[in-house]
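run.cif, holding mmCIF, C-alpha atoms:
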data_coords
loop_
_atom_site.group_PDB
_atom_site.id
_atom_site.type_symbol
_atom_site.label_atom_id
_atom_site.label_comp_id
_atom_site.auth_asym_id
_atom_site.auth_seq_id
_atom_site.Cartn_x
_atom_site.Cartn_y
_atom_site.Cartn_z
ATOM 1 C CA MET P 51 52.907 10.090 143.675
ATOM 2 C CA HIS P 52 54.665 11.918 140.817
ATOM 3 C CA SER P 53 58.467 12.104 140.933
ATOM 4 C CA PHE P 54 58.531 15.852 141.559
ATOM 5 C CA GLU P 55 55.943 15.569 144.333
ATOM 6 C CA LYS P 56 58.177 13.062 146.100
ATOM 7 C CA LEU P 57 61.102 15.467 145.837
ATOM 8 C CA THR P 58 59.239 18.471 147.210
ATOM 9 C CA CYS P 59 57.126 16.825 149.899
ATOM 10 C CA ASN P 60 57.877 17.951 153.468
ATOM 11 C CA GLY P 61 60.173 20.654 152.147
ATOM 12 C CA LEU P 62 62.767 18.067 151.153
ATOM 13 C CA MET P 63 64.108 19.908 148.082
ATOM 14 C CA ASN P 64 64.068 23.369 146.545
ATOM 15 C CA ILE P 65 64.035 23.739 142.763
ATOM 16 C CA VAL P 66 67.052 25.389 141.145
ATOM 17 C CA GLU P 67 65.903 27.845 138.483
ATOM 18 C CA GLU P 68 67.009 27.001 134.941
ATOM 19 C CA GLU P 69 68.149 30.554 134.271
ATOM 20 C CA SER P 70 70.548 30.568 137.225
ATOM 21 C CA GLU P 71 74.324 30.138 137.060
ATOM 22 C CA GLU P 72 73.973 27.372 139.637
ATOM 23 C CA TYR P 73 71.740 25.354 137.305
ATOM 24 C CA GLU P 74 73.981 25.907 134.278
ATOM 25 C CA PHE P 75 77.095 24.896 136.208
ATOM 26 C CA ILE P 76 75.537 21.610 137.373
ATOM 27 C CA LYS P 77 73.975 20.897 133.979
ATOM 28 C CA LYS P 78 77.221 21.437 132.064
ATOM 29 C CA GLY P 79 79.187 19.341 134.530
ATOM 30 C CA PHE P 80 76.749 16.445 134.317
ATOM 31 C CA LEU P 81 76.531 16.464 130.518
ATOM 32 C CA LYS P 82 80.306 16.725 130.135
ATOM 33 C CA GLY P 83 80.706 13.610 132.262
ATOM 34 C CA MET P 84 78.096 11.708 130.235
ATOM 35 C CA GLY P 85 80.584 11.202 127.396
ATOM 36 C CA PHE P 86 79.074 9.409 124.396
ATOM 37 C CA MET P 87 75.635 9.583 126.078
ATOM 38 C CA GLN P 88 75.710 13.386 126.296
ATOM 39 C CA HIS P 89 73.455 14.048 123.304
ATOM 40 C CA ALA P 90 71.028 11.311 124.337
ATOM 41 C CA THR P 91 70.546 12.853 127.786
ATOM 42 C CA ASN P 92 67.772 15.355 128.495
ATOM 43 C CA ILE P 93 67.911 17.078 131.900
ATOM 44 C CA ILE P 94 64.484 17.816 133.371
ATOM 45 C CA SER P 95 65.292 19.506 136.679
ATOM 46 C CA VAL P 96 67.861 20.178 139.379
ATOM 47 C CA ARG P 97 66.692 20.322 142.979
ATOM 48 C CA LYS P 98 68.706 21.409 145.993
ATOM 49 C CA ASN P 99 68.770 19.788 149.408
ATOM 50 C CA ASN P 100 66.749 22.035 151.720
ATOM 51 C CA VAL P 101 69.024 21.722 154.742
ATOM 52 C CA SER P 102 67.061 24.287 156.725
ATOM 53 C CA SER P 103 63.910 22.139 156.631
ATOM 54 C CA ASN P 104 64.799 20.267 159.826
ATOM 55 C CA LEU P 105 67.396 20.139 162.601
ATOM 56 C CA THR P 106 68.664 16.671 161.690
ATOM 57 C CA ARG P 107 69.817 17.775 158.261
ATOM 58 C CA GLN P 108 71.364 20.899 159.710
ATOM 59 C CA ALA P 109 73.285 18.695 162.128
ATOM 60 C CA ARG P 110 74.541 16.505 159.247
ATOM 61 C CA LEU P 111 75.849 19.562 157.414
ATOM 62 C CA GLN P 112 77.566 20.842 160.562
ATOM 63 C CA SER P 113 79.118 17.407 161.038
ATOM 64 C CA PHE P 114 80.390 17.487 157.453
ATOM 65 C CA HIS P 115 82.057 20.860 158.074
ATOM 66 C CA ILE P 116 83.625 19.619 161.333
ATOM 67 C CA PHE P 117 85.080 16.517 159.671
ATOM 68 C CA SER P 118 86.241 18.610 156.713
ATOM 69 C CA LYS P 119 88.180 20.834 159.087
ATOM 70 C CA ALA P 120 89.600 17.816 160.940
ATOM 71 C CA VAL P 121 90.799 16.139 157.718
ATOM 72 C CA SER P 122 92.227 19.457 156.545
ATOM 73 C CA ILE P 123 94.286 19.834 159.724
ATOM 74 C CA LYS P 124 95.422 16.202 159.516
ATOM 75 C CA ASN P 125 96.583 16.612 155.904
ATOM 76 C CA GLY P 126 98.360 19.927 156.176
ATOM 77 C CA GLY P 127 95.543 22.299 155.261
ATOM 78 C CA ASP P 128 93.569 20.612 152.475
ATOM 79 C CA ALA P 129 90.643 18.242 153.023
ATOM 80 C CA LYS P 130 90.203 17.910 149.240
ATOM 81 C CA VAL P 131 86.452 18.381 149.169
ATOM 82 C CA ARG P 132 85.267 17.290 145.719
ATOM 83 C CA GLY P 133 81.998 16.944 143.854
ATOM 84 C CA ALA P 134 80.913 13.356 143.122
ATOM 85 C CA TRP P 135 77.877 11.576 141.678
ATOM 86 C CA TYR P 136 75.766 8.806 143.181
ATOM 87 C CA GLY P 137 73.049 7.017 141.200
ATOM 88 C CA GLY P 138 70.148 4.882 142.356
ATOM 89 C CA SER P 139 66.370 4.728 142.377
ATOM 90 C CA LEU P 140 64.431 7.846 143.338
ATOM 91 C CA ASP P 141 63.258 6.226 146.574
ATOM 92 C CA GLN P 142 66.844 5.354 147.493
ATOM 93 C CA LEU P 143 68.007 8.914 146.923
ATOM 94 C CA ILE P 144 65.120 10.381 148.929
ATOM 95 C CA ASP P 145 65.952 8.013 151.807
ATOM 96 C CA ILE P 146 69.572 9.191 151.691
ATOM 97 C CA LEU P 147 68.462 12.833 151.852
ATOM 98 C CA SER P 148 66.043 12.070 154.680
ATOM 99 C CA PHE P 149 68.031 9.627 156.806
ATOM 100 C CA GLY P 150 71.586 9.515 155.475
ATOM 101 C CA PHE P 151 73.516 6.644 153.935
ATOM 102 C CA THR P 152 72.980 3.166 155.358
ATOM 103 C CA ARG P 153 74.469 -0.272 154.786
ATOM 104 C CA CYS P 154 71.911 -0.704 151.990
ATOM 105 C CA ASN P 155 73.851 1.893 150.003
ATOM 106 C CA ILE P 156 77.151 0.076 150.327
ATOM 107 C CA HIS P 157 78.417 -1.429 147.062
ATOM 108 C CA ASP P 158 79.598 -4.797 148.318
ATOM 109 C CA HIS P 159 80.114 -8.114 146.534
ATOM 110 C CA ASP P 160 76.616 -9.013 145.358
ATOM 111 C CA ASP P 161 76.337 -12.468 143.860
ATOM 112 C CA ASP P 162 74.583 -11.118 140.759
ATOM 113 C CA ASP P 163 76.857 -8.107 140.316
ATOM 114 C CA ASP P 164 79.357 -8.553 137.491
ATOM 115 C CA ASP P 165 80.773 -5.046 137.857
ATOM 116 C CA GLU P 166 84.035 -4.612 139.735
ATOM 117 C CA SER P 167 83.781 -3.479 143.339
ATOM 118 C CA HIS P 168 86.669 -1.722 145.030
ATOM 119 C CA GLY P 169 86.400 -2.430 148.734
ATOM 120 C CA ILE P 170 83.351 -2.356 150.977
ATOM 121 C CA GLY P 171 81.968 1.141 151.305
ATOM 122 C CA VAL P 172 79.863 3.756 149.543
ATOM 123 C CA SER P 173 81.068 4.238 145.956
ATOM 124 C CA LEU P 174 80.629 7.607 144.281
ATOM 125 C CA PHE P 175 81.895 8.683 140.879
ATOM 126 C CA SER P 176 84.195 11.602 140.153
ATOM 127 C CA ALA P 177 82.706 14.779 138.699
ATOM 128 C CA ASN P 178 83.975 13.928 135.199
ATOM 129 C CA PHE P 179 82.348 10.475 135.221
ATOM 130 C CA SER P 180 78.657 11.200 135.728
ATOM 131 C CA ILE P 181 77.944 8.520 133.102
ATOM 132 C CA ASP P 182 78.972 5.853 135.619
ATOM 133 C CA SER P 183 76.429 7.114 138.131
ATOM 134 C CA ALA P 184 73.794 7.240 135.380
ATOM 135 C CA MET P 185 74.359 3.528 134.731
ATOM 136 C CA CYS P 186 73.429 2.902 138.382
ATOM 137 C CA THR P 187 70.042 4.621 138.114
ATOM 138 C CA VAL P 188 66.634 2.997 137.919
ATOM 139 C CA ALA P 189 63.890 4.655 135.869
ATOM 140 C CA ASP P 190 60.851 5.683 137.911
ATOM 141 C CA GLU P 191 57.205 5.262 136.861
ATOM 142 C CA ASN P 192 57.509 8.338 134.632
ATOM 143 C CA GLY P 193 60.653 7.128 132.845
ATOM 144 C CA LEU P 194 62.852 9.629 134.704
ATOM 145 C CA ARG P 195 66.229 8.828 136.237
ATOM 146 C CA HIS P 196 67.865 10.566 139.168
ATOM 147 C CA VAL P 197 71.385 11.099 140.517
ATOM 148 C CA LEU P 198 72.761 12.790 143.608
ATOM 149 C CA LEU P 199 75.488 15.406 143.352
ATOM 150 C CA CYS P 200 77.377 15.292 146.624
ATOM 151 C CA ARG P 201 80.237 17.047 148.312
ATOM 152 C CA VAL P 202 82.794 14.465 149.370
ATOM 153 C CA ILE P 203 85.806 14.725 151.648
ATOM 154 C CA VAL P 204 88.381 12.606 149.831
ATOM 155 C CA GLY P 205 91.411 13.714 151.880
ATOM 156 C CA LYS P 206 94.440 11.542 151.235
ATOM 157 C CA PHE P 207 93.326 8.550 149.214
ATOM 158 C CA GLU P 208 94.823 5.157 148.524
ATOM 159 C CA SER P 209 94.360 2.761 145.641
ATOM 160 C CA VAL P 210 91.930 -0.083 146.344
ATOM 161 C CA ALA P 211 92.225 -3.125 144.099
ATOM 162 C CA ALA P 212 89.272 -4.453 142.131
ATOM 163 C CA ASP P 213 87.295 -7.066 144.079
ATOM 164 C CA SER P 214 89.075 -6.062 147.285
ATOM 165 C CA LYS P 215 87.309 -6.734 150.583
ATOM 166 C CA GLN P 216 88.995 -3.791 152.285
ATOM 167 C CA SER P 217 86.549 -1.975 154.571
ATOM 168 C CA GLN P 218 88.672 0.695 156.238
ATOM 169 C CA PRO P 219 91.857 2.707 155.642
ATOM 170 C CA SER P 220 94.945 0.514 155.476
ATOM 171 C CA CYS P 221 96.642 2.909 157.914
ATOM 172 C CA ASN P 222 96.051 6.253 159.614
ATOM 173 C CA GLU P 223 97.731 8.078 156.743
ATOM 174 C CA TYR P 224 94.777 7.539 154.411
ATOM 175 C CA ASP P 225 91.188 8.763 154.544
ATOM 176 C CA THR P 226 89.397 7.233 151.526
ATOM 177 C CA GLY P 227 89.963 4.885 148.594
ATOM 178 C CA VAL P 228 89.982 5.209 144.798
ATOM 179 C CA ASP P 229 89.999 2.766 141.925
ATOM 180 C CA ASP P 230 92.945 4.471 140.203
ATOM 181 C CA ILE P 231 95.446 6.603 142.103
ATOM 182 C CA LEU P 232 96.485 8.589 139.000
ATOM 183 C CA ALA P 233 93.042 9.095 137.429
ATOM 184 C CA PRO P 234 90.326 8.369 140.003
ATOM 185 C CA ARG P 235 86.964 7.422 138.531
ATOM 186 C CA LYS P 236 85.453 5.927 141.651
ATOM 187 C CA HIS P 237 85.749 7.219 145.232
ATOM 188 C CA ILE P 238 85.230 4.733 148.059
ATOM 189 C CA ILE P 239 84.062 6.182 151.367
ATOM 190 C CA TRP P 240 84.405 3.676 154.186
ATOM 191 C CA THR P 241 81.300 2.750 156.183
ATOM 192 C CA ALA P 242 82.490 4.419 159.374
ATOM 193 C CA PHE P 243 82.660 7.784 157.595
ATOM 194 C CA MET P 244 79.836 7.557 155.051
ATOM 195 C CA ASN P 245 77.629 10.135 156.800
ATOM 196 C CA SER P 246 80.551 12.333 157.851
ATOM 197 C CA TYR P 247 82.527 12.545 154.603
ATOM 198 C CA ILE P 248 79.554 12.746 152.199
ATOM 199 C CA HIS P 249 76.959 15.508 152.010
ATOM 200 C CA PRO P 250 74.215 15.232 149.335
ATOM 201 C CA ASP P 251 73.551 18.670 147.820
ATOM 202 C CA TYR P 252 71.406 18.169 144.698
ATOM 203 C CA ILE P 253 69.193 15.698 142.869
ATOM 204 C CA LEU P 254 69.400 15.946 139.082
ATOM 205 C CA SER P 255 66.561 14.352 137.104
ATOM 206 C CA PHE P 256 66.932 13.290 133.460
ATOM 207 C CA TYR P 257 65.858 10.822 130.817
ATOM 208 C CA TYR P 258 67.360 9.287 127.688
ATOM 209 C CA GLU P 259 66.046 10.227 124.260
ATOM 210 C CA ASN P 260 66.614 8.773 120.813
ATOM 211 C CA ILE P 261 69.283 10.540 118.749
ATOM 212 C CA LYS P 262 70.783 10.383 115.287
ATOM 213 C CA ASP P 263 74.410 9.451 115.688
ATOM 214 C CA PRO P 264 77.030 8.985 112.951
ATOM 215 C CA GLU P 265 78.783 6.293 114.960
ATOM 216 C CA ILE P 266 77.424 2.959 113.802
ATOM 217 C CA PHE P 267 77.005 0.143 116.247
ATOM 218 C CA GLY P 268 76.889 -3.476 115.080
ATOM 219 C CA THR P 269 73.928 -5.629 114.147
ATOM 220 C CA LEU P 270 72.632 -8.928 115.333
ATOM 221 C CA LYS P 271 71.958 -10.109 111.797
ATOM 222 C CA PRO P 272 73.662 -8.980 108.564
ATOM 223 C CA ARG P 273 70.448 -7.491 107.154
ATOM 224 C CA SER P 274 69.008 -5.970 110.316
ATOM 225 C CA GLU P 275 68.913 -2.239 110.934
ATOM 226 C CA TYR P 276 71.835 -0.351 112.442
ATOM 227 C CA VAL P 277 71.526 1.277 115.850
ATOM 228 C CA SER P 278 73.992 3.690 117.464
ATOM 229 C CA PHE P 279 75.458 2.625 120.783
ATOM 230 C CA PRO P 280 73.956 5.594 122.707
ATOM 231 C CA ASN P 281 70.499 4.608 121.466
ATOM 232 C CA LEU P 282 71.115 0.990 122.388
ATOM 233 C CA VAL P 283 72.145 2.001 125.928
ATOM 234 C CA ALA P 284 69.057 4.192 126.272
ATOM 235 C CA LYS P 285 66.723 1.388 125.198
ATOM 236 C CA VAL P 286 68.185 -1.554 127.121
ATOM 237 C CA SER P 287 68.503 0.531 130.314
ATOM 238 C CA THR P 288 64.805 -0.021 131.050
ATOM 239 C CA HIS P 289 65.299 -3.796 130.960
ATOM 240 C CA LEU P 290 68.717 -4.425 132.536
ATOM 241 C CA LYS P 291 69.849 -4.161 136.146
ATOM 242 C CA PRO P 292 72.282 -1.376 137.118
ATOM 243 C CA SER P 293 75.056 -3.955 137.536
ATOM 244 C CA GLN P 294 74.513 -5.093 133.936
ATOM 245 C CA MET P 295 74.510 -1.502 132.682
ATOM 246 C CA CYS P 296 77.807 -0.846 134.471
ATOM 247 C CA LEU P 297 79.279 -3.948 132.874
ATOM 248 C CA LEU P 298 78.010 -2.838 129.450
ATOM 249 C CA LEU P 299 79.772 0.509 129.899
ATOM 250 C CA LYS P 300 82.946 -1.206 131.048
ATOM 251 C CA THR P 301 83.100 -3.483 128.004
ATOM 252 C CA TYR P 302 82.502 -0.508 125.702
ATOM 253 C CA ARG P 303 85.415 1.357 127.279
ATOM 254 C CA VAL P 304 87.660 -1.642 126.713
ATOM 255 C CA TYR P 305 86.599 -1.656 123.066
ATOM 256 C CA GLN P 306 87.109 2.109 122.738
ATOM 257 C CA ALA P 307 90.625 1.684 124.096
ATOM 258 C CA LYS P 308 91.192 -0.869 121.309
ATOM 259 C CA LYS P 309 92.034 -3.605 123.779
ATOM 260 C CA VAL P 310 89.630 -6.011 122.077
ATOM 261 C CA THR P 311 88.347 -6.387 118.540
ATOM 262 C CA ARG P 312 84.874 -5.277 117.525
ATOM 263 C CA GLU P 313 83.818 -8.910 117.111
ATOM 264 C CA ILE P 314 84.885 -9.820 120.657
ATOM 265 C CA TRP P 315 83.189 -6.734 122.061
ATOM 266 C CA ILE P 316 79.896 -7.535 120.289
ATOM 267 C CA LYS P 317 80.081 -11.087 121.604
ATOM 268 C CA LYS P 318 80.484 -9.779 125.179
ATOM 269 C CA MET P 319 77.719 -7.255 124.650
ATOM 270 C CA ARG P 320 75.359 -9.972 123.410
ATOM 271 C CA LYS P 321 76.108 -11.996 126.534
ATOM 272 C CA ILE P 322 75.177 -9.038 128.765
ATOM 273 C CA VAL P 323 72.096 -7.833 126.886
ATOM 274 C CA GLY P 324 70.831 -11.122 125.509
ATOM 275 C CA ASP P 325 69.984 -11.822 121.873
ATOM 276 C CA LYS P 326 66.234 -11.506 122.374
ATOM 277 C CA LEU P 327 66.404 -8.007 123.824
ATOM 278 C CA LEU P 328 69.141 -6.965 121.405
ATOM 279 C CA HIS P 329 67.100 -8.080 118.408
ATOM 280 C CA SER P 330 64.087 -6.175 119.752
ATOM 281 C CA VAL P 331 66.164 -3.006 120.131
ATOM 282 C CA ILE P 332 67.739 -3.212 116.691
ATOM 283 C CA THR P 333 64.476 -3.822 114.840
ATOM 284 C CA HIS P 334 62.367 -1.435 116.931
ATOM 285 C CA LYS P 335 61.248 1.835 115.331
ATOM 286 C CA SER P 336 61.840 4.414 118.045
ATOM 287 C CA ASN P 337 59.671 7.492 118.296
ATOM 288 C CA GLY P 338 61.999 9.214 120.744
ATOM 289 C CA ASP P 339 59.831 8.997 123.858
ATOM 290 C CA VAL P 340 60.898 7.589 127.213
ATOM 291 C CA GLN P 341 58.517 4.657 127.353
ATOM 292 C CA PRO P 342 59.935 1.113 127.617
ATOM 293 C CA LEU P 343 60.083 -0.985 124.469
#
Taking this structure as input, can you express it in the form of C-alpha cells?
Amino acid sequence: MHSFEKLTCNGLMNIVEEESEEYEFIKKGFLKGMGFMQHATNIISVRKNNVSSNLTRQARLQSFHIFSKAVSIKNGGDAKVRGAWYGGSLDQLIDILSFGFTRCNIHDHDDDDDDESHGIGVSLFSANFSIDSAMCTVADENGLRHVLLCRVIVGKFESVAADSKQSQPSCNEYDTGVDDILAPRKHIIWTAFMNSYIHPDYILSFYYENIKDPEIFGTLKPRSEYVSFPNLVAKVSTHLKPSQMCLLLKTYRVYQAKKVTREIWIKKMRKIVGDKLLHSVITHKSNGDVQPL
C-alpha cells in the first residue's frame, strides 16, 4: 500500500492544503528546526489527525484537555503545552495515531543504541529541533520519511542526566523531564503519562534531496571527490539505523561547537558510517532522486 493510502485509510488523517496558513506554519517550523539539513529537505505533505473519525480518539483528546487543566491548576495556571516532534517509521506513527503510545515507543537503553538516553520514557524533540526527530525516521518503500507533530504537556520539568534510568518524576513538584534545563532539546514524558500528556496532531512527510552546498565536508582519500555534509547525511540515512544517525548528528554538533578538531571528528564519523559506505557516498554521482545508493 502506498504511503498516502496508509495515512488516509479508515479516515485516519485529513490532508492540510498547501495554500493554507496552517500548512505554511507547520512547514516553516519544521524547516527552521532542520538546521543545516533545511535546504536538503523537501516536504511532500502535511496530514492532520482526524479525531472525529472514532470515539476512542475523541476520548484521548478529551483526556489530554483534562490533564492539561489539572497540570495548569497544579502549577499556578500554566500547563506549558508545547509543540514537539517524534520520528519513527510510518507504521510506528500510524500505530500511535490508532492506538496511542506503547512501551515499544519508549526510548530505553538499547544495547545497540549509541545515542544518549535521558531516562526511561517517550522522548520527543522541541519545536526548534525537528532535525533530531528526522534522524529517528526510517524511509518507507517510496523513500519518504515521516514525523509526528504533537502537543505535549511539559508542565514543570526537571533535568534528567544522560544515561539515567529514571522512570518517573523525582518528586511531586515535577511533571516531565528534559535533557537541558536552560535550553531543552529533548522532552521526556514518563510512561505513566505518555497517553495523557502527548496528543499527536499531524504527520509531516518529506524526503532528502541532493543540494549544492558551499560548505565542504572532508574526503576519505586525498584525491576523492568532495561531498557536503547535508548530502552525506541524506545518502547514508538509507543505510544506517536511527541510533547511528542520531550519533552522527551529535558528533557533528560537537565539531560545530569547536570542541574537537576536524581530524578527530572525521575519525569518529568514519567509525559510525564505515569506510566502505563512506567511500561509496563520496565517489557516487548523485542524480538528486530519493532512491538508495
Residues returned when the PyMOL selection byres ((chain P and resi 210) around 7) runs on this file, as a PDB file with C-alpha atoms, in the frame of the given file:
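Output below, filename out-v2.pdb:
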ATOM      1  CA  HIS P 168      86.669  -1.722 145.030  1.00  0.00           C
ATOM      2  CA  GLY P 169      86.400  -2.430 148.734  1.00  0.00           C
ATOM      3  CA  GLU P 208      94.823   5.157 148.524  1.00  0.00           C
ATOM      4  CA  SER P 209      94.360   2.761 145.641  1.00  0.00           C
ATOM      5  CA  ALA P 211      92.225  -3.125 144.099  1.00  0.00           C
ATOM      6  CA  ALA P 212      89.272  -4.453 142.131  1.00  0.00           C
ATOM      7  CA  SER P 214      89.075  -6.062 147.285  1.00  0.00           C
ATOM      8  CA  GLY P 227      89.963   4.885 148.594  1.00  0.00           C
ATOM      9  CA  VAL P 228      89.982   5.209 144.798  1.00  0.00           C
ATOM     10  CA  ASP P 229      89.999   2.766 141.925  1.00  0.00           C
TER      11      ASP P 229
END
Nearest candidate to P:Leu328 (options P:Val304, P:Phe279, P:Leu194, P:Glu313; using all atoms listed in the file):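 Smallest separation from P:Leu328 among the options: P:Phe279.
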Residue among P:Ala134, P:Val96, P:Ile203, P:Ile181 lying closest to P:Met84, counting only C-alpha atoms: P:Ile181
Selection dump of the PyMOL selection byres ((chain P and resi 316) around 12), as number ranges by chain: P: 267-271, 279, 298, 301-302, 304-305, 310-315, 317-325, 328
Explicit residues for the PyMOL selection byres ((chain P and resi 146) around 12) (as an NGL selection string): :P and (62 or 99 or 107 or 110 or 136-145 or 147-156 or 172 or 197-200 or 244-245 or 248-253)
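With atom CA of P:Val188 on one side and atom CA of P:Gln108 on the other, the separation reads 28.6 Å.
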Separation of atom CA of P:Thr226 from atom CA of P:Leu174, in Å and rounded to one decimal: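 We find that atom CA of P:Thr226 and atom CA of P:Leu174 lie 11.4 Å from each other.
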Residue with smallest distance to P:Asp182 - pool P:Thr106, P:Ala129, P:Trp135, P:Ile332, counting only C-alpha atoms: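 The closest residue to P:Asp182 is P:Trp135.
Note that atom CA of P:Lys124 and atom CA of P:Ala242 are 17.5 Å apart.
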Return the padded bounding box of stretch 295-300 of chain P as JSON: axis-aligned, built from all atoms listed in the file, 8 Å added on each side, with centre and edge lengths in Å to one decimal.
{"center_x": 78.7, "center_y": -1.7, "center_z": 132.0, "size_x": 24.4, "size_y": 20.5, "size_z": 21.0}
Shell around stretch 64-66 of chain P at 12 Å using all atoms listed in the file, local window under 3 positions removed, as a VMD selection string: chain P and resid 54 to 61 69 to 77 94 to 103 251 to 255
10 Å contact set for P:Phe207, all atoms listed in the file, chain neighbours under 6 positions out, as a list in words: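 Once the adjacent positions are removed, what remains is Lys130, Pro219, Glu223, Tyr224, Asp225, Thr226, Gly227, Val228, Asp229, Asp230, Ile231, Pro234, His237, Ile238 and Ile239 of chain P.
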Minimum-distance residue to P:Val204, chosen among P:Ile170, P:Ser122, P:Leu232, P:Ser180 (using all atoms listed in the file): P:Ser122
Shell of 9 Å around P:Asn125, only C-alpha atoms, local chain residues under 5 positions omitted, as a list of chain:residue names: P:Ala120, P:Gly205, P:Lys206, P:Glu223
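Compared by their closest atoms to P:Ala189, and using all atoms listed in the file, the residues P:Gln294, P:Thr288, P:Ser173, P:Thr333 rank with P:Thr288 nearest.
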Using all atoms listed in the file: which of P:Ser167, P:Ser293, P:Asn260, P:Gln218 has the shortest distance to P:Cys186: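 Looking only at the distances to P:Cys186, the closest residue turns out to be P:Ser293.
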